[in-house]
$ cat structure_38.csv   # CSV, C-alpha atoms
chain,number,residue,atom,x,y,z
A,177,MET,CA,113.6,92.3,84.9
A,178,TYR,CA,113.1,92.1,88.6
A,179,ALA,CA,115.5,93.9,91.0
A,180,GLY,CA,116.0,96.7,88.4
A,181,HIS,CA,112.5,97.9,89.1
A,182,PHE,CA,113.1,98.1,92.8
A,183,ALA,CA,116.4,99.9,92.2
A,184,THR,CA,114.7,102.4,89.9
A,185,ALA,CA,112.0,103.0,92.6
A,186,LEU,CA,114.7,103.8,95.2
A,187,ALA,CA,116.4,106.2,92.8
A,188,LEU,CA,113.1,107.9,92.2
A,189,LYS,CA,112.5,108.1,95.9
A,190,ALA,CA,116.0,109.7,96.3
A,191,ALA,CA,115.1,112.3,93.7
A,192,ARG,CA,111.8,113.1,95.3
A,193,PRO,CA,112.1,112.3,99.1
A,194,SER,CA,108.7,113.6,99.9
A,195,VAL,CA,107.0,110.7,98.1
A,196,PRO,CA,106.1,107.8,100.4
A,197,THR,CA,108.6,105.0,99.7
A,198,TRP,CA,106.0,102.2,99.5
A,199,THR,CA,104.0,104.0,96.8
A,200,VAL,CA,106.9,104.3,94.5
A,201,LEU,CA,108.1,100.7,95.2
A,202,LEU,CA,104.7,99.3,94.5
A,203,GLY,CA,104.2,101.5,91.5
A,204,SER,CA,107.5,100.3,89.9
A,205,GLY,CA,106.2,96.7,90.0
A,206,LEU,CA,102.5,97.4,89.3
A,207,LEU,CA,102.6,96.0,85.7
A,208,ASP,CA,103.9,92.6,87.0
A,209,VAL,CA,101.3,92.6,89.8
A,210,ALA,CA,98.6,93.2,87.2
A,211,PHE,CA,100.2,90.5,85.0
A,212,GLY,CA,100.0,88.0,88.0
A,213,ALA,CA,96.4,88.8,88.5
A,214,LEU,CA,95.6,88.4,84.8
A,215,VAL,CA,97.5,85.1,84.7
A,216,ILE,CA,95.3,83.9,87.6
A,217,ALA,CA,92.2,85.1,85.7
A,218,GLY,CA,93.4,83.2,82.6
A,219,VAL,CA,93.6,86.4,80.5
A,220,GLU,CA,97.4,86.5,80.1
A,221,GLY,CA,100.2,83.9,80.2
A,222,GLY,CA,102.8,82.3,78.1
A,223,ALA,CA,102.6,82.2,74.3
A,224,PRO,CA,102.0,78.8,72.7
A,225,ASP,CA,105.7,78.7,71.7
A,226,TYR,CA,106.9,79.9,75.1
A,227,ALA,CA,109.3,77.1,75.6
A,228,GLN,CA,111.3,78.2,72.5
A,229,SER,CA,110.7,81.9,72.3
A,230,HIS,CA,110.1,82.9,76.0
A,231,ARG,CA,107.4,85.2,74.6
A,232,LEU,CA,104.4,86.1,76.8
A,233,LEU,CA,100.9,87.0,75.9
A,234,ILE,CA,100.7,90.4,77.8
A,235,PRO,CA,98.5,92.7,75.8
A,236,TRP,CA,96.9,94.4,78.8
A,237,SER,CA,99.5,94.5,81.5
A,238,HIS,CA,102.5,95.2,79.3
A,239,SER,CA,101.3,97.1,76.3
A,240,LEU,CA,102.3,100.8,76.3
A,241,LEU,CA,98.6,101.9,76.4
A,242,GLY,CA,97.9,99.5,79.3
A,243,ALA,CA,100.9,100.8,81.1
A,244,VAL,CA,99.8,104.4,80.6
A,245,VAL,CA,96.3,103.6,81.8
A,246,LEU,CA,97.6,101.7,84.9
A,247,ALA,CA,100.0,104.6,85.7
A,248,GLY,CA,97.2,107.1,85.5
A,249,LEU,CA,94.9,105.1,87.6
A,250,TYR,CA,97.6,104.4,90.2
A,251,ALA,CA,98.5,108.1,90.5
A,252,LEU,CA,94.8,109.0,90.7
A,253,ALA,CA,94.1,106.3,93.3
A,254,LEU,CA,96.9,107.6,95.6
A,255,ARG,CA,96.3,111.4,95.2
A,256,LYS,CA,95.0,111.7,98.8
A,257,ARG,CA,97.5,109.4,100.4
A,258,ALA,CA,100.5,110.9,98.5
A,259,PRO,CA,99.5,114.5,97.7
A,260,GLY,CA,101.6,116.0,94.9
A,261,ALA,CA,103.3,112.7,94.1
A,262,GLY,CA,101.2,112.0,91.0
A,263,PRO,CA,103.9,112.7,88.4
A,264,VAL,CA,106.5,110.6,90.3
A,265,LEU,CA,104.1,107.7,90.7
A,266,PHE,CA,103.1,107.9,87.0
A,267,ALA,CA,106.8,107.8,86.1
A,268,ALA,CA,107.4,104.8,88.4
A,269,VAL,CA,104.7,102.7,86.8
A,270,LEU,CA,105.7,103.7,83.2
A,271,SER,CA,109.4,103.1,84.0
A,272,HIS,CA,108.5,99.4,84.2
A,273,TRP,CA,107.4,99.3,80.6
A,274,LEU,CA,110.4,101.2,79.3
A,275,LEU,CA,112.9,99.1,81.2
A,276,ASP,CA,111.2,95.8,80.3
A,277,LEU,CA,111.5,96.8,76.7
A,278,ALA,CA,115.3,96.3,76.8
A,279,VAL,CA,115.1,92.8,78.3
A,280,HIS,CA,112.0,91.2,76.8
A,281,PRO,CA,111.7,89.2,73.6
A,282,ALA,CA,109.3,90.8,71.0
A,283,ASP,CA,106.1,90.4,73.1
A,284,MET,CA,105.3,94.0,74.2
A,285,GLN,CA,102.7,95.8,72.1
A,286,LEU,CA,101.9,99.5,71.9
A,287,TRP,CA,98.2,98.7,72.5
A,288,PRO,CA,96.1,95.5,72.9
A,289,GLY,CA,95.5,94.0,69.6
A,290,ASP,CA,98.5,95.7,67.9
A,291,ALA,CA,99.8,93.4,65.2
A,292,ARG,CA,103.4,94.4,66.0
A,293,ALA,CA,105.2,93.6,69.2
A,294,TYR,CA,108.5,95.0,70.6
A,295,GLY,CA,111.3,93.8,72.8
A,296,PHE,CA,115.0,94.2,72.3
A,297,VAL,CA,116.6,91.3,74.1
A,298,ARG,CA,117.7,89.7,70.9
A,299,LEU,CA,118.9,92.9,69.4
A,300,PHE,CA,121.1,93.6,72.4
A,301,GLY,CA,122.1,89.9,72.8
A,302,PRO,CA,124.5,89.4,75.7
A,303,VAL,CA,124.4,93.1,76.5
A,304,SER,CA,120.8,92.7,77.6
A,305,GLY,CA,121.9,90.7,80.6
A,306,TRP,CA,124.3,93.4,81.6
A,307,PHE,CA,121.6,96.1,81.2
A,308,GLU,CA,119.9,95.2,84.5
A,309,THR,CA,123.3,94.9,86.3
A,310,ALA,CA,124.3,98.4,85.1
A,311,LEU,CA,120.9,99.8,86.0
A,312,VAL,CA,120.9,98.3,89.5
A,313,LEU,CA,124.5,99.6,90.2
A,314,ALA,CA,123.7,103.1,88.9
A,315,ALA,CA,120.3,103.4,90.6
A,316,LEU,CA,121.6,102.1,93.9
A,317,GLY,CA,124.7,104.3,93.7
A,318,TYR,CA,122.5,107.4,93.2
A,319,TYR,CA,120.2,106.3,96.0
A,320,ALA,CA,123.0,105.7,98.5
A,321,TRP,CA,124.7,109.0,97.6
A,322,ARG,CA,121.6,110.9,98.2
A,323,ALA,CA,120.6,109.0,101.3
A,324,ARG,CA,123.9,109.7,103.0
A,325,HIS,CA,123.2,113.4,102.8
A,326,SER,CA,119.5,113.4,103.6
A,327,ALA,CA,117.7,113.0,106.9
A,328,ALA,CA,114.3,112.6,105.1
A,329,PHE,CA,114.9,109.0,104.1
A,330,GLY,CA,117.4,106.1,104.0
A,331,ARG,CA,117.8,105.4,107.7
A,332,HIS,CA,119.2,102.0,106.7
A,333,TRP,CA,120.2,102.8,103.1
A,334,ALA,CA,122.9,100.1,103.1
A,335,GLY,CA,120.4,97.5,104.2
A,336,ALA,CA,118.0,98.6,101.4
A,337,CYS,CA,120.8,98.3,98.9
A,338,THR,CA,121.7,94.9,100.2
A,339,VAL,CA,118.1,93.7,99.9
A,340,VAL,CA,117.9,94.9,96.3
A,341,ALA,CA,121.3,93.3,95.5
A,342,ALA,CA,120.0,90.0,97.0
A,343,LEU,CA,116.9,90.2,94.8
A,344,TRP,CA,119.1,90.9,91.8
A,345,MET,CA,121.0,87.7,92.6
A,346,LEU,CA,117.7,85.8,93.0
A,347,GLY,CA,116.8,87.0,89.5
A,348,LEU,CA,120.1,85.8,88.1
A,349,ALA,CA,119.6,82.4,89.7
A,350,ALA,CA,116.0,82.0,88.4
B,588,MET,CA,96.4,75.1,88.9
B,589,ALA,CA,99.8,76.0,87.4
B,590,HIS,CA,98.7,79.4,86.2
B,591,LEU,CA,97.1,80.1,89.6
B,592,ILE,CA,100.4,79.4,91.4
B,593,GLY,CA,102.4,81.2,88.7
B,594,GLY,CA,100.3,84.3,89.0
B,595,MET,CA,100.4,84.3,92.8
B,596,ILE,CA,104.2,83.9,92.7
B,597,ASN,CA,104.5,86.9,90.4
B,598,ILE,CA,102.3,89.1,92.7
B,599,ALA,CA,104.3,88.0,95.7
B,600,LEU,CA,107.7,88.7,94.1
B,601,PHE,CA,106.7,92.3,93.4
B,602,THR,CA,104.8,93.0,96.7
B,603,LEU,CA,106.5,91.1,99.5
B,604,PRO,CA,109.8,93.1,99.4
B,605,VAL,CA,107.9,96.5,99.5
B,606,PRO,CA,107.3,96.7,103.3
B,607,LEU,CA,110.8,95.7,104.1
B,608,LEU,CA,112.4,98.2,101.7
B,609,ALA,CA,110.0,100.9,102.9
B,610,TRP,CA,111.0,100.2,106.5
B,611,LEU,CA,114.7,100.3,105.8
B,612,ASP,CA,114.2,103.5,103.9
B,613,ARG,CA,112.3,105.3,106.7
B,614,PRO,CA,113.5,108.8,107.7
B,615,LYS,CA,116.6,109.0,109.9
B,616,ALA,CA,116.0,109.6,113.6
B,617,PRO,CA,116.7,113.2,114.7
B,618,ALA,CA,120.0,113.4,116.6
B,619,GLU,CA,119.5,113.1,120.3
B,620,PRO,CA,120.9,116.0,122.4
B,621,LEU,CA,124.1,115.2,124.3
B,622,ALA,CA,123.9,114.9,128.1
B,623,GLY,CA,123.8,118.3,129.6
B,624,GLN,CA,123.1,120.0,126.3
B,625,VAL,CA,120.2,122.4,126.4
B,626,GLY,CA,117.8,121.9,123.6
B,627,SER,CA,116.5,124.9,121.6
$ encode --input "structure_38.csv" --output "structure tokens"
Amino acid sequence: MYAGHFATALALKAARPSVPTWTVLLGSGLLDVAFGALVIAGVEGGAPDYAQSHRLLIPWSHSLLGAVVLAGLYALALRKRAPGAGPVLFAAVLSHWLLDLAVHPADMQLWPGDARAYGFVRLFGPVSGWFETALVLAALGYYAWRARHSAAFGRHWAGACTVVAALWMLGLAA
Amino acid sequence: MAHLIGGMINIALFTLPVPLLAWLDRPKAPAEPLAGQVGS
């Protein structure tokens, strides 16, 4: 999932306008930023059968325990730059894991070293592809509705929605 | 080399849109008073 994370971040921002926008946007993608860093470090990457299964080896960045730890550290690190935003930032980071669960093959563990792995892309089948589309539409709809009636954020809310929609199309093309 | 490029692309995908989206989402400008209107 790609654009769905940004759309979710904008919806969280709309629900809590006092939270700095960049913090919730960065938080919603933090697990994949960590994944990128761990790929560079050679710690995570594609499974040996990636070409067939599309499964990744992501025990640290995309296990539930890893996500909770990253969410806690992120909220803690920004406690001075975004006072009072801790619960929203924690939720933004953790939302990534929950949303990815619906669109990943079975490669997401509850903790590093867990023998079982989860991911419901095969269970949902074609519906899984529509999940991100529905999520993007619902989240952007909520953001736009709130932004139209608030002075605290969303000066160019239509532009923000357009950018996320463009990222969603980029994700479809990839 | 492939994993280096792949990792950097992944980081870029999730960080580069952030400044643009945050800029678009900034607070709305307060309405300017009309000509001749006395501000409070």
$ closest_atom_pairs --input "structure_38.csv" --of "chain A" --to "chain B" --cutoff "9 Å" --atoms "all atoms listed in the file" --output "JSON lines"
{"residue": "A:Tyr178", "atom": "CA", "partner": "B:Phe601", "partner_atom": "CA", "distance": 8.0}
{"residue": "A:Phe182", "atom": "CA", "partner": "B:Val605", "partner_atom": "CA", "distance": 8.6}
{"residue": "A:Leu186", "atom": "CA", "partner": "B:Asp612", "partner_atom": "CA", "distance": 8.7}
{"residue": "A:Pro196", "atom": "CA", "partner": "B:Ala609", "partner_atom": "CA", "distance": 8.3}
{"residue": "A:Thr197", "atom": "CA", "partner": "B:Ala609", "partner_atom": "CA", "distance": 5.4}
{"residue": "A:Trp198", "atom": "CA", "partner": "B:Ala609", "partner_atom": "CA", "distance": 5.4}
{"residue": "A:Thr199", "atom": "CA", "partner": "B:Val605", "partner_atom": "CA", "distance": 8.9}
{"residue": "A:Leu201", "atom": "CA", "partner": "B:Val605", "partner_atom": "CA", "distance": 6.0}
{"residue": "A:Leu202", "atom": "CA", "partner": "B:Val605", "partner_atom": "CA", "distance": 6.6}
{"residue": "A:Ser204", "atom": "CA", "partner": "B:Phe601", "partner_atom": "CA", "distance": 8.8}
{"residue": "A:Gly205", "atom": "CA", "partner": "B:Phe601", "partner_atom": "CA", "distance": 5.6}
{"residue": "A:Leu206", "atom": "CA", "partner": "B:Phe601", "partner_atom": "CA", "distance": 7.8}
{"residue": "A:Asp208", "atom": "CA", "partner": "B:Asn597", "partner_atom": "CA", "distance": 6.7}
{"residue": "A:Val209", "atom": "CA", "partner": "B:Ile598", "partner_atom": "CA", "distance": 4.7}
{"residue": "A:Ala210", "atom": "CA", "partner": "B:Ile598", "partner_atom": "CA", "distance": 7.8}
{"residue": "A:Phe211", "atom": "CA", "partner": "B:Gly594", "partner_atom": "CA", "distance": 7.4}
{"residue": "A:Gly212", "atom": "CA", "partner": "B:Gly594", "partner_atom": "CA", "distance": 3.8}
{"residue": "A:Ala213", "atom": "CA", "partner": "B:Gly594", "partner_atom": "CA", "distance": 6.0}
{"residue": "A:Leu214", "atom": "CA", "partner": "B:Gly594", "partner_atom": "CA", "distance": 7.5}
{"residue": "A:Val215", "atom": "CA", "partner": "B:Gly594", "partner_atom": "CA", "distance": 5.2}
{"residue": "A:Ile216", "atom": "CA", "partner": "B:Leu591", "partner_atom": "CA", "distance": 4.7}
{"residue": "A:Ala217", "atom": "CA", "partner": "B:Leu591", "partner_atom": "CA", "distance": 8.0}
{"residue": "A:Gly218", "atom": "CA", "partner": "B:His590", "partner_atom": "CA", "distance": 7.4}
{"residue": "A:Gly221", "atom": "CA", "partner": "B:His590", "partner_atom": "CA", "distance": 7.6}
{"residue": "A:Ala323", "atom": "CA", "partner": "B:Asp612", "partner_atom": "CA", "distance": 8.8}
{"residue": "A:Ser326", "atom": "CA", "partner": "B:Lys615", "partner_atom": "CA", "distance": 8.2}
{"residue": "A:Ala327", "atom": "CA", "partner": "B:Lys615", "partner_atom": "CA", "distance": 5.1}
{"residue": "A:Ala328", "atom": "CA", "partner": "B:Pro614", "partner_atom": "CA", "distance": 4.7}
{"residue": "A:Phe329", "atom": "CA", "partner": "B:Pro614", "partner_atom": "CA", "distance": 3.9}
{"residue": "A:Gly330", "atom": "CA", "partner": "B:Asp612", "partner_atom": "CA", "distance": 4.1}
{"residue": "A:Arg331", "atom": "CA", "partner": "B:Lys615", "partner_atom": "CA", "distance": 4.4}
{"residue": "A:His332", "atom": "CA", "partner": "B:Leu611", "partner_atom": "CA", "distance": 4.9}
{"residue": "A:Trp333", "atom": "CA", "partner": "B:Asp612", "partner_atom": "CA", "distance": 6.1}
{"residue": "A:Ala334", "atom": "CA", "partner": "B:Leu611", "partner_atom": "CA", "distance": 8.6}
{"residue": "A:Gly335", "atom": "CA", "partner": "B:Leu611", "partner_atom": "CA", "distance": 6.5}
{"residue": "A:Ala336", "atom": "CA", "partner": "B:Leu608", "partner_atom": "CA", "distance": 5.6}
{"residue": "A:Cys337", "atom": "CA", "partner": "B:Leu608", "partner_atom": "CA", "distance": 8.9}
{"residue": "A:Val339", "atom": "CA", "partner": "B:Leu608", "partner_atom": "CA", "distance": 7.5}
{"residue": "A:Val340", "atom": "CA", "partner": "B:Leu608", "partner_atom": "CA", "distance": 8.4}
{"residue": "A:Leu343", "atom": "CA", "partner": "B:Pro604", "partner_atom": "CA", "distance": 8.9}
$ atom_distance --input "structure_38.csv" --atom1 "CA of Val264 in chain A" --atom2 "CA of Ser304 in chain A"
26.2 Å
$ atom_distance --input "structure_38.csv" --atom1 "CA of Val200 in chain A" --atom2 "CA of His325 in chain A"
20.4 Å
$ closest_residue --input "structure_38.csv" --among "A:Trp236, A:Leu265, A:Ala191, A:Tyr294" --to "Ala253 in chain A" --atoms "only C-alpha atoms"
A:Leu265
$ atom_distance --input "structure_38.csv" --atom1 "CA of Glu220 in chain A" --atom2 "CA of Pro288 in chain A"
11.6 Å
$ closest_residue --input "structure_38.csv" --among "A:Val245, A:Ala183, A:Leu240, A:Ala315" --to "Leu286 in chain A" --atoms "all atoms listed in the file"
A:Leu240
$ closest_residue --input "structure_38.csv" --among "A:Ala190, A:Gly295, A:Val244, A:Leu346" --to "Arg324 in chain A" --atoms "all atoms listed in the file"
A:Ala190
